[in-house]
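Enquirer: Enclosed is the structure file work.csv (CSV, C-alpha atoms).
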```
chain,number,residue,atom,x,y,z
A,1,MET,CA,0.0,0.0,0.0
A,2,ILE,CA,1.1,3.5,-0.8
A,3,PHE,CA,0.0,6.2,1.7
A,4,ILE,CA,-0.4,9.7,0.3
A,5,THR,CA,-1.0,12.6,2.6
A,6,GLY,CA,-0.7,16.4,2.5
A,7,PRO,CA,-2.7,19.6,3.1
A,8,LEU,CA,-6.2,20.3,1.8
A,9,TYR,CA,-6.4,20.9,-2.0
A,10,SER,CA,-2.7,20.1,-2.5
A,11,GLY,CA,-3.2,17.8,-5.5
A,12,LYS,CA,-3.1,14.4,-3.7
A,13,LYS,CA,-5.6,12.7,-6.0
A,14,GLU,CA,-4.0,14.1,-9.1
A,15,TYR,CA,-0.7,12.8,-8.0
A,16,ALA,CA,-2.3,9.3,-7.3
A,17,CYS,CA,-3.6,9.3,-10.8
A,18,ARG,CA,-0.2,10.1,-12.2
A,19,LEU,CA,1.3,7.4,-10.0
A,20,LEU,CA,-1.2,4.7,-11.1
A,21,GLY,CA,-1.4,5.9,-14.7
A,22,CYS,CA,-5.2,6.2,-14.4
A,23,SER,CA,-7.9,8.9,-14.9
A,24,ARG,CA,-9.9,10.6,-12.1
A,25,GLU,CA,-12.9,8.4,-13.0
A,26,GLU,CA,-10.8,5.2,-12.7
A,27,LEU,CA,-9.1,6.3,-9.4
A,28,GLY,CA,-11.9,4.8,-7.2
A,29,ALA,CA,-11.0,1.3,-8.4
A,30,HIS,CA,-7.5,1.6,-7.0
A,31,ALA,CA,-7.6,4.2,-4.2
A,32,LEU,CA,-9.5,5.4,-1.2
A,33,TRP,CA,-9.4,9.1,-0.3
A,34,ASP,CA,-10.5,11.3,2.6
A,35,VAL,CA,-9.9,8.4,4.9
A,36,GLN,CA,-9.4,10.9,7.8
A,37,GLU,CA,-13.2,11.1,7.8
A,38,ARG,CA,-13.5,7.4,8.5
A,39,ALA,CA,-11.6,7.8,11.7
A,40,LYS,CA,-14.4,9.8,13.3
A,41,ASN,CA,-16.3,7.7,15.8
A,42,CYS,CA,-14.2,4.7,14.9
A,43,ALA,CA,-14.0,2.2,17.9
A,44,ASP,CA,-11.0,0.3,16.6
A,45,LEU,CA,-8.5,2.4,14.6
A,46,PRO,CA,-5.9,-0.4,14.2
A,47,ALA,CA,-8.6,-2.6,12.6
A,48,LEU,CA,-9.6,0.2,10.3
A,49,ALA,CA,-6.0,0.8,9.3
A,50,ASP,CA,-5.6,-3.0,8.6
A,51,GLU,CA,-8.7,-2.9,6.4
A,52,LEU,CA,-7.6,0.3,4.5
A,53,ALA,CA,-4.1,-1.1,4.0
A,54,ARG,CA,-5.5,-3.8,1.6
A,55,HIS,CA,-6.0,-1.0,-1.0
A,56,GLU,CA,-3.3,-0.1,-3.5
A,57,VAL,CA,-3.4,3.6,-2.5
A,58,VAL,CA,-4.8,5.3,0.5
A,59,ILE,CA,-5.1,9.1,0.7
A,60,ALA,CA,-5.7,11.2,3.8
A,61,THR,CA,-5.8,15.0,4.2
A,62,GLU,CA,-3.8,16.5,7.0
A,63,VAL,CA,-6.2,18.1,9.5
A,64,GLY,CA,-4.1,18.5,12.7
A,65,GLY,CA,-2.5,21.9,11.9
A,66,GLY,CA,-4.9,24.4,13.3
A,67,VAL,CA,-5.9,25.5,16.8
A,68,VAL,CA,-7.4,22.7,19.0
A,69,PRO,CA,-11.2,22.7,18.2
A,70,VAL,CA,-13.5,23.9,21.0
A,71,ASP,CA,-16.1,21.3,20.1
A,72,PRO,CA,-15.4,17.9,21.9
A,73,ASP,CA,-16.5,15.8,18.9
A,74,GLU,CA,-14.4,17.8,16.5
A,75,ARG,CA,-11.5,17.5,18.8
A,76,ALA,CA,-11.9,13.7,19.1
A,77,ALA,CA,-12.3,13.4,15.3
A,78,ARG,CA,-9.1,15.4,14.6
A,79,GLU,CA,-7.2,13.3,17.1
A,80,ALA,CA,-8.4,10.0,15.6
A,81,ALA,CA,-7.6,11.3,12.1
A,82,GLY,CA,-4.0,12.0,13.1
A,83,ARG,CA,-3.6,8.6,14.8
A,84,LEU,CA,-5.1,6.8,11.8
A,85,SER,CA,-2.5,8.5,9.5
A,86,CYS,CA,0.3,7.3,11.8
A,87,LEU,CA,-1.0,3.8,11.6
A,88,LEU,CA,-1.3,3.9,7.8
A,89,ALA,CA,2.2,5.3,7.5
A,90,GLN,CA,3.6,2.4,9.6
A,91,LYS,CA,1.8,-0.1,7.3
A,92,ALA,CA,2.7,1.5,4.0
A,93,GLU,CA,5.6,0.4,1.8
A,94,ARG,CA,5.8,4.1,0.7
A,95,VAL,CA,4.6,7.3,2.2
A,96,VAL,CA,4.4,10.4,0.1
A,97,ARG,CA,3.4,14.0,1.1
A,98,VAL,CA,2.0,16.2,-1.7
A,99,LEU,CA,2.4,20.0,-1.3
A,100,CYS,CA,1.4,22.4,-4.0
A,101,GLY,CA,1.0,19.4,-6.4
A,102,LEU,CA,4.6,18.3,-5.7
A,103,PRO,CA,5.4,15.0,-4.1
A,104,MET,CA,8.0,14.4,-1.4
A,105,VAL,CA,8.7,10.8,-0.3
A,106,LEU,CA,8.7,10.6,3.5
A,107,LYS,CA,9.2,6.8,3.6
B,1,MET,CA,15.0,31.9,-11.7
B,2,PHE,CA,11.5,31.7,-10.1
B,3,THR,CA,11.3,30.5,-6.5
B,4,LEU,CA,8.0,29.8,-4.7
B,5,VAL,CA,8.3,29.9,-0.9
B,6,VAL,CA,5.4,28.6,1.2
B,7,GLY,CA,5.1,28.4,4.9
B,8,GLY,CA,2.8,28.8,7.9
B,9,ALA,CA,2.4,31.9,10.1
B,10,ALA,CA,5.7,33.0,11.6
B,11,SER,CA,7.5,30.1,10.0
B,12,GLY,CA,10.4,32.3,8.8
B,13,LYS,CA,9.2,32.2,5.2
B,14,SER,CA,9.6,36.0,4.7
B,15,GLU,CA,13.1,36.2,6.1
B,16,TYR,CA,14.1,33.2,4.0
B,17,ALA,CA,12.6,34.7,0.8
B,18,GLU,CA,14.3,38.0,1.5
B,19,GLY,CA,17.6,36.2,1.8
B,20,LEU,CA,17.1,34.6,-1.6
B,21,VAL,CA,16.5,38.1,-3.1
B,22,LEU,CA,19.6,39.6,-1.4
B,23,ALA,CA,21.7,36.7,-2.8
B,24,SER,CA,20.6,37.4,-6.3
B,25,PRO,CA,23.1,39.5,-8.4
B,26,HIS,CA,20.3,41.2,-10.3
B,27,ARG,CA,19.5,44.7,-9.3
B,28,PRO,CA,17.4,46.7,-8.6
B,29,ARG,CA,15.4,44.9,-6.0
B,30,TYR,CA,11.7,45.4,-6.1
B,31,TYR,CA,9.3,44.6,-3.3
B,32,ILE,CA,5.7,44.2,-4.4
B,33,ALA,CA,3.7,45.2,-1.3
B,34,THR,CA,0.2,43.7,-1.2
B,35,MET,CA,-1.2,44.7,2.2
B,36,GLU,CA,-3.6,47.7,2.0
B,37,PRO,CA,-3.2,49.8,5.2
B,38,PHE,CA,-6.7,50.4,6.5
B,39,ASP,CA,-5.9,52.2,9.8
B,40,GLU,CA,-3.1,53.8,11.8
B,41,GLU,CA,-1.7,50.5,13.0
B,42,GLY,CA,-1.6,49.2,9.4
B,43,LYS,CA,0.1,52.4,8.2
B,44,ALA,CA,2.7,52.3,11.0
B,45,ARG,CA,3.4,48.6,10.1
B,46,VAL,CA,3.8,49.4,6.4
B,47,GLU,CA,6.1,52.4,7.2
B,48,LYS,CA,8.3,50.3,9.5
B,49,HIS,CA,8.7,47.5,6.9
B,50,ARG,CA,9.4,50.1,4.2
B,51,ARG,CA,12.2,51.6,6.3
B,52,MET,CA,13.7,48.1,7.0
B,53,ARG,CA,13.6,47.2,3.3
B,54,ALA,CA,15.1,50.6,2.3
B,55,ASP,CA,18.2,49.7,4.2
B,56,LYS,CA,18.4,46.6,2.1
B,57,GLU,CA,18.0,48.7,-1.0
B,58,PHE,CA,14.5,47.5,-2.0
B,59,GLU,CA,12.2,49.8,-4.0
B,60,THR,CA,8.6,49.3,-2.9
B,61,VAL,CA,5.9,48.9,-5.5
B,62,GLU,CA,2.4,48.9,-4.1
B,63,CYS,CA,-0.1,46.5,-5.6
B,64,TYR,CA,-3.2,45.4,-3.8
B,65,PHE,CA,-5.0,43.9,-6.8
B,66,ASN,CA,-4.7,43.7,-10.6
B,67,LEU,CA,-1.1,42.4,-10.5
B,68,PRO,CA,-0.9,42.3,-14.3
B,69,SER,CA,-0.9,46.1,-14.3
B,70,VAL,CA,2.5,46.3,-12.6
B,71,ARG,CA,5.3,47.8,-14.7
B,72,LEU,CA,8.8,47.6,-13.5
B,73,PRO,CA,11.3,50.1,-14.9
B,74,ARG,CA,14.3,47.7,-15.0
B,75,ARG,CA,15.0,44.0,-15.1
B,76,GLY,CA,16.0,43.2,-11.5
B,77,THR,CA,14.9,40.9,-8.7
B,78,VAL,CA,11.3,40.9,-7.5
B,79,LEU,CA,9.9,39.8,-4.1
B,80,LEU,CA,6.1,39.4,-4.2
B,81,GLU,CA,4.6,39.0,-0.7
B,82,CYS,CA,2.2,37.5,-0.3
B,83,ILE,CA,-0.4,35.5,-2.2
B,84,GLY,CA,-2.7,35.3,0.9
B,85,ASN,CA,-3.1,39.0,0.9
B,86,LEU,CA,-3.6,39.3,-2.9
B,87,ALA,CA,-6.2,36.5,-2.8
B,88,ALA,CA,-8.2,38.2,-0.1
B,89,ASN,CA,-8.0,41.5,-1.9
B,90,GLU,CA,-9.1,40.1,-5.2
B,91,LEU,CA,-12.0,38.1,-3.6
B,92,TYR,CA,-13.3,40.6,-1.1
B,93,SER,CA,-12.1,44.2,-2.0
B,94,PRO,CA,-14.6,46.3,-4.0
B,95,ASN,CA,-11.8,46.9,-6.5
B,96,GLY,CA,-10.9,43.2,-6.8
B,97,ALA,CA,-11.8,40.7,-9.4
B,98,GLY,CA,-14.7,39.4,-7.2
B,99,SER,CA,-15.0,35.9,-8.6
B,100,MET,CA,-12.9,32.8,-8.0
B,101,ALA,CA,-11.9,32.5,-11.7
B,102,GLY,CA,-11.2,36.2,-12.0
B,103,ALA,CA,-9.0,36.2,-8.9
B,104,LEU,CA,-7.1,33.1,-10.0
B,105,SER,CA,-6.3,34.5,-13.4
B,106,ALA,CA,-5.5,38.0,-12.0
B,107,ILE,CA,-2.9,36.5,-9.7
B,108,THR,CA,-1.4,33.7,-11.9
B,109,GLY,CA,-1.5,36.1,-14.9
B,110,GLY,CA,0.1,38.8,-12.8
B,111,VAL,CA,3.0,36.5,-11.9
B,112,ASP,CA,3.5,35.7,-15.6
B,113,VAL,CA,3.7,39.5,-16.2
B,114,LEU,CA,6.3,39.9,-13.4
B,115,LEU,CA,8.3,36.9,-14.8
B,116,ALA,CA,8.5,38.7,-18.2
B,117,GLN,CA,9.9,41.8,-16.5
B,118,CYS,CA,12.5,40.5,-14.1
B,119,ALA,CA,15.6,38.3,-13.9
B,120,ASP,CA,14.8,36.6,-10.6
B,121,LEU,CA,11.4,36.3,-8.9
B,122,VAL,CA,10.6,35.1,-5.4
B,123,VAL,CA,7.0,34.7,-4.4
B,124,VAL,CA,5.8,34.1,-0.8
B,125,SER,CA,2.6,32.2,-0.2
B,126,ASN,CA,0.8,30.8,2.8
B,127,GLU,CA,0.4,27.2,4.0
B,128,VAL,CA,-3.1,27.4,5.7
B,129,PHE,CA,-4.4,24.0,4.6
B,130,THR,CA,-3.8,21.6,7.6
B,131,GLY,CA,-6.4,23.1,10.0
B,132,GLY,CA,-9.4,21.2,8.8
B,133,THR,CA,-12.5,22.7,7.1
B,134,ASP,CA,-14.5,23.9,10.1
B,135,TYR,CA,-14.6,27.6,9.1
B,136,ALA,CA,-17.1,30.4,8.5
B,137,ASP,CA,-18.9,30.5,5.2
B,138,GLY,CA,-16.8,31.9,2.4
B,139,THR,CA,-13.5,30.7,3.9
B,140,GLU,CA,-13.7,27.6,1.7
B,141,ASP,CA,-13.6,29.8,-1.4
B,142,TYR,CA,-10.6,31.6,-0.1
B,143,LEU,CA,-8.8,28.3,0.7
B,144,ARG,CA,-9.6,26.9,-2.7
B,145,LEU,CA,-8.3,30.0,-4.4
B,146,VAL,CA,-5.0,30.2,-2.5
B,147,ALA,CA,-4.5,26.4,-3.0
B,148,GLY,CA,-5.2,26.8,-6.7
B,149,VAL,CA,-2.8,29.6,-7.0
B,150,ASN,CA,-0.1,27.7,-5.1
B,151,ARG,CA,-0.4,24.7,-7.4
B,152,ALA,CA,-0.4,26.8,-10.5
B,153,LEU,CA,2.7,28.7,-9.4
B,154,ALA,CA,4.5,25.5,-8.2
B,155,GLN,CA,4.1,24.2,-11.8
B,156,ARG,CA,5.7,27.4,-13.2
B,157,ALA,CA,8.4,27.7,-10.6
B,158,ASP,CA,12.0,26.5,-11.0
B,159,ARG,CA,12.2,25.9,-7.3
B,160,VAL,CA,9.5,25.3,-4.6
B,161,CYS,CA,10.2,25.1,-0.9
B,162,GLU,CA,8.2,24.9,2.4
B,163,VAL,CA,9.8,26.8,5.2
B,164,VAL,CA,9.5,25.2,8.7
B,165,CYS,CA,11.1,26.9,11.7
B,166,GLY,CA,13.1,29.1,9.3
B,167,LEU,CA,14.5,26.0,7.4
B,168,PRO,CA,13.6,25.4,3.8
B,169,ARG,CA,12.5,21.9,2.5
B,170,TYR,CA,12.7,21.8,-1.2
B,171,TYR,CA,9.8,20.0,-3.1
B,172,LYS,CA,11.3,21.1,-6.4
B,173,GLU,CA,14.8,22.1,-7.2
B,174,ALA,CA,16.3,23.8,-10.3
B,175,ALA,CA,18.0,21.3,-12.6
B,176,GLY,CA,21.7,21.4,-13.0
```
Any chance you could give the structure as structure tokens?
Expert:
Amino acid sequence: MIFITGPLYSGKKEYACRLLGCSREELGAHALWDVQERAKNCADLPALADELARHEVVIATEVGGGVVPVDPDERAAREAAGRLSCLLAQKAERVVRVLCGLPMVLK
Amino acid sequence: MFTLVVGGAASGKSEYAEGLVLASPHRPRYYIATMEPFDEEGKARVEKHRRMRADKEFETVECYFNLPSVRLPRRGTVLLECIGNLAANELYSPNGAGSMAGALSAITGGVDVLLAQCADLVVVSNEVFTGGTDYADGTEDYLRLVAGVNRALAQRADRVCEVVCGLPRYYKEAAG
């Protein structure tokens, strides 16, 4: 599994298409994106990471960079999203961060 | 040489960008100022920065919107700071482009116009995209615009770096 992360609107899906040699319409057959949203209210993050890691490419948006949210649910969701990304990065053969459309290999 | 420098608030991106300009042999040095001073505090801030840059032999060119209208007298080195201000001015100022598409083309087209008039260009932009999406209405448009400009400029640029704690990490480096 290749894990792609990066800020919002940084060109992660476009990079995944280039990597896989597929169109945006075909991307769904190979990749999952916005997986940070699946971390919300997830009772078992390691199990979720195991399940996601079966895909060829997994994409998550970095959401932990702002001020700690006042709302407890938002706070918990952001925490879970960050932890899920760490688990995915551990499982991945390769980790790439995309910034301004440009990839940097982190692992 | 066109360098795009991105970074978060107080990441040291401005100082790093200024260092790149000072290292360029091409003179004069132009600073494209994008922050419109609305009150006394803003005016004092602009005046302070103008004095600091005068010591470093920068000529300040004010441009709050419509970047393609900028004309530079000589081919030197240009520091454009920053895309976040220009994007806000183009979207929200009565004199700005008003629309997302208009703002995007005003800014990216403006950078093309600057590139044609200088030897070295350094553009500073903001990394504001890792704080989630839980913002007031309208902020989403602003984020999409700045991100769109960043991606478009990163494609054009010879070098792209993110500054973290004053240290540059290069995502794209000039060949050779």
Enquirer: If you count only C-alpha atoms, which residues fall within 9 Å of Pro69 of chain A, apart from same-chain ones fewer than 5 positions away, as a list in words?
Expert: Glu74, Arg75 and Arg78 of chain A; Asp134 of chain B
Enquirer: Pick the closest to Thr5 of chain A from A:Glu26, A:Glu51, A:Glu37, A:Glu62: which is it, counting all atoms listed in the file?
Expert: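 The answer is A:Glu62, which sits nearest to Thr5 of chain A.
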Enquirer: Residues within 7 Å of Ala53 of chain A, please, as a list in words. Count only C-alpha atoms; anything in the same chain fewer than 6 positions from it doesn't count.
Expert: Met1, Leu88 and Lys91 of chain A
Enquirer: From the options A:Ile59, A:Trp33, A:Gly82, A:Gly101, which residue's atoms come nearest to chain B, counting all atoms listed in the file?
Expert: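 Closest residue, counting all atoms listed in the file: A:Gly101.
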Enquirer: Provide as a PDB file with C-alpha atoms, keeping the file's coordinate frame the residues of chain A at most 10 Å from chain B, counting only C-alpha atoms.
Expert:
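The result, stored in part_7.pdb:
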```pdb
ATOM      1  CA  GLY A   6      -0.700  16.400   2.500  1.00  0.00           C
ATOM      2  CA  PRO A   7      -2.700  19.600   3.100  1.00  0.00           C
ATOM      3  CA  LEU A   8      -6.200  20.300   1.800  1.00  0.00           C
ATOM      4  CA  TYR A   9      -6.400  20.900  -2.000  1.00  0.00           C
ATOM      5  CA  SER A  10      -2.700  20.100  -2.500  1.00  0.00           C
ATOM      6  CA  GLY A  11      -3.200  17.800  -5.500  1.00  0.00           C
ATOM      7  CA  THR A  61      -5.800  15.000   4.200  1.00  0.00           C
ATOM      8  CA  GLU A  62      -3.800  16.500   7.000  1.00  0.00           C
ATOM      9  CA  VAL A  63      -6.200  18.100   9.500  1.00  0.00           C
ATOM     10  CA  GLY A  64      -4.100  18.500  12.700  1.00  0.00           C
ATOM     11  CA  GLY A  65      -2.500  21.900  11.900  1.00  0.00           C
ATOM     12  CA  GLY A  66      -4.900  24.400  13.300  1.00  0.00           C
ATOM     13  CA  VAL A  67      -5.900  25.500  16.800  1.00  0.00           C
ATOM     14  CA  VAL A  68      -7.400  22.700  19.000  1.00  0.00           C
ATOM     15  CA  PRO A  69     -11.200  22.700  18.200  1.00  0.00           C
ATOM     16  CA  GLU A  74     -14.400  17.800  16.500  1.00  0.00           C
ATOM     17  CA  ARG A  78      -9.100  15.400  14.600  1.00  0.00           C
ATOM     18  CA  ARG A  97       3.400  14.000   1.100  1.00  0.00           C
ATOM     19  CA  VAL A  98       2.000  16.200  -1.700  1.00  0.00           C
ATOM     20  CA  LEU A  99       2.400  20.000  -1.300  1.00  0.00           C
ATOM     21  CA  CYS A 100       1.400  22.400  -4.000  1.00  0.00           C
ATOM     22  CA  GLY A 101       1.000  19.400  -6.400  1.00  0.00           C
ATOM     23  CA  LEU A 102       4.600  18.300  -5.700  1.00  0.00           C
ATOM     24  CA  PRO A 103       5.400  15.000  -4.100  1.00  0.00           C
ATOM     25  CA  MET A 104       8.000  14.400  -1.400  1.00  0.00           C
ATOM     26  CA  VAL A 105       8.700  10.800  -0.300  1.00  0.00           C
TER      27      VAL A 105
END
```
Enquirer: Which of these, A:Leu20, A:Val57, A:Leu32, A:Ala39, has the shortest distance to Glu79 of chain A once you count all atoms listed in the file?
Expert: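 Of the candidates, the smallest distance to Glu79 of chain A is held by A:Ala39.
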Enquirer: Take atom CA of Ala33 of chain B and atom CA of Glu59 of chain B and report the distance between them in Å, one decimal.
Expert: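 Spanning atom CA of Ala33 of chain B to atom CA of Glu59 of chain B is a straight-line distance of 10.0 Å.
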Enquirer: Restrict the calculation to only C-alpha atoms, then for each residue of segment 99-125 of chain B with any atom at most 7 Å from an atom of segment 66-85 of chain B give the closest atom pair and their distance in Å to one decimal, rows by chain and rising residue number, as CSV.
Expert:
```
residue,atom,partner,partner_atom,distance
B:Ala106,CA,B:Asn66,CA,5.9
B:Ile107,CA,B:Leu67,CA,6.2
B:Gly109,CA,B:Pro68,CA,6.3
B:Gly110,CA,B:Pro68,CA,3.9
B:Val113,CA,B:Pro68,CA,5.7
B:Gln117,CA,B:Arg75,CA,5.7
B:Cys118,CA,B:Arg75,CA,4.4
B:Ala119,CA,B:Gly76,CA,5.5
B:Asp120,CA,B:Thr77,CA,4.7
B:Leu121,CA,B:Val78,CA,4.8
B:Val122,CA,B:Leu79,CA,4.9
B:Val123,CA,B:Leu80,CA,4.8
B:Val124,CA,B:Cys82,CA,5.0
B:Ser125,CA,B:Ile83,CA,4.9
```
Enquirer: Do a neighbour search on Glu36 of chain B at 12 Å with only C-alpha atoms, toss out local chain neighbours closer than 3 positions, and write the hits as a PDB file with C-alpha atoms, keeping the file's coordinate frame.
Expert:
```pdb
ATOM      1  CA  ILE B  32       5.700  44.200  -4.400  1.00  0.00           C
ATOM      2  CA  ALA B  33       3.700  45.200  -1.300  1.00  0.00           C
ATOM      3  CA  ASP B  39      -5.900  52.200   9.800  1.00  0.00           C
ATOM      4  CA  GLU B  40      -3.100  53.800  11.800  1.00  0.00           C
ATOM      5  CA  GLU B  41      -1.700  50.500  13.000  1.00  0.00           C
ATOM      6  CA  GLY B  42      -1.600  49.200   9.400  1.00  0.00           C
ATOM      7  CA  LYS B  43       0.100  52.400   8.200  1.00  0.00           C
ATOM      8  CA  ALA B  44       2.700  52.300  11.000  1.00  0.00           C
ATOM      9  CA  ARG B  45       3.400  48.600  10.100  1.00  0.00           C
ATOM     10  CA  VAL B  46       3.800  49.400   6.400  1.00  0.00           C
ATOM     11  CA  GLU B  47       6.100  52.400   7.200  1.00  0.00           C
ATOM     12  CA  GLU B  62       2.400  48.900  -4.100  1.00  0.00           C
ATOM     13  CA  CYS B  63      -0.100  46.500  -5.600  1.00  0.00           C
ATOM     14  CA  TYR B  64      -3.200  45.400  -3.800  1.00  0.00           C
ATOM     15  CA  PHE B  65      -5.000  43.900  -6.800  1.00  0.00           C
ATOM     16  CA  CYS B  82       2.200  37.500  -0.300  1.00  0.00           C
ATOM     17  CA  ASN B  85      -3.100  39.000   0.900  1.00  0.00           C
ATOM     18  CA  LEU B  86      -3.600  39.300  -2.900  1.00  0.00           C
ATOM     19  CA  ALA B  88      -8.200  38.200  -0.100  1.00  0.00           C
ATOM     20  CA  ASN B  89      -8.000  41.500  -1.900  1.00  0.00           C
ATOM     21  CA  GLU B  90      -9.100  40.100  -5.200  1.00  0.00           C
ATOM     22  CA  SER B  93     -12.100  44.200  -2.000  1.00  0.00           C
ATOM     23  CA  ASN B  95     -11.800  46.900  -6.500  1.00  0.00           C
TER      24      ASN B  95
END
```
Enquirer: I'd like the neighbourhood of Arg38 of chain A as a PyMOL selection string, where a residue qualifies if any of its atoms comes within 10 Å (using all atoms listed in the file), though same-chain residues fewer than 3 positions away should be ignored.
Expert: chain A and resi 33-35+41-42+45+48+60+77+80-81+84
Enquirer: List as a PyMOL selection string the protein and nucleic acid residues near Met100 of chain B, meaning an atom at most 8 Å away when all atoms listed in the file are counted, but skip any in the same chain fewer than 2 places from it.
Expert: chain B and resi 91+98+102-104+141+145
Enquirer: What does the distance from atom CA of Met1 of chain B to atom CA of Ala157 of chain B come to in Å, to one decimal?
Expert: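 So the answer is 7.9 Å.
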Enquirer: One decimal, in Å: what's the spacing between atom CA of Lys107 of chain A and atom CA of Cys86 of chain A?
Expert: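 Between atom CA of Lys107 of chain A and atom CA of Cys86 of chain A the gap works out to 12.1 Å.
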Enquirer: Determine the nearest neighbour of Leu106 of chain A from the options A:Ala43, A:Ile4, A:Leu87, A:Ala29, counting only C-alpha atoms.
Expert: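 Nearest candidate to Leu106 of chain A out of A:Ala43, A:Ile4, A:Leu87, A:Ala29: A:Ile4.
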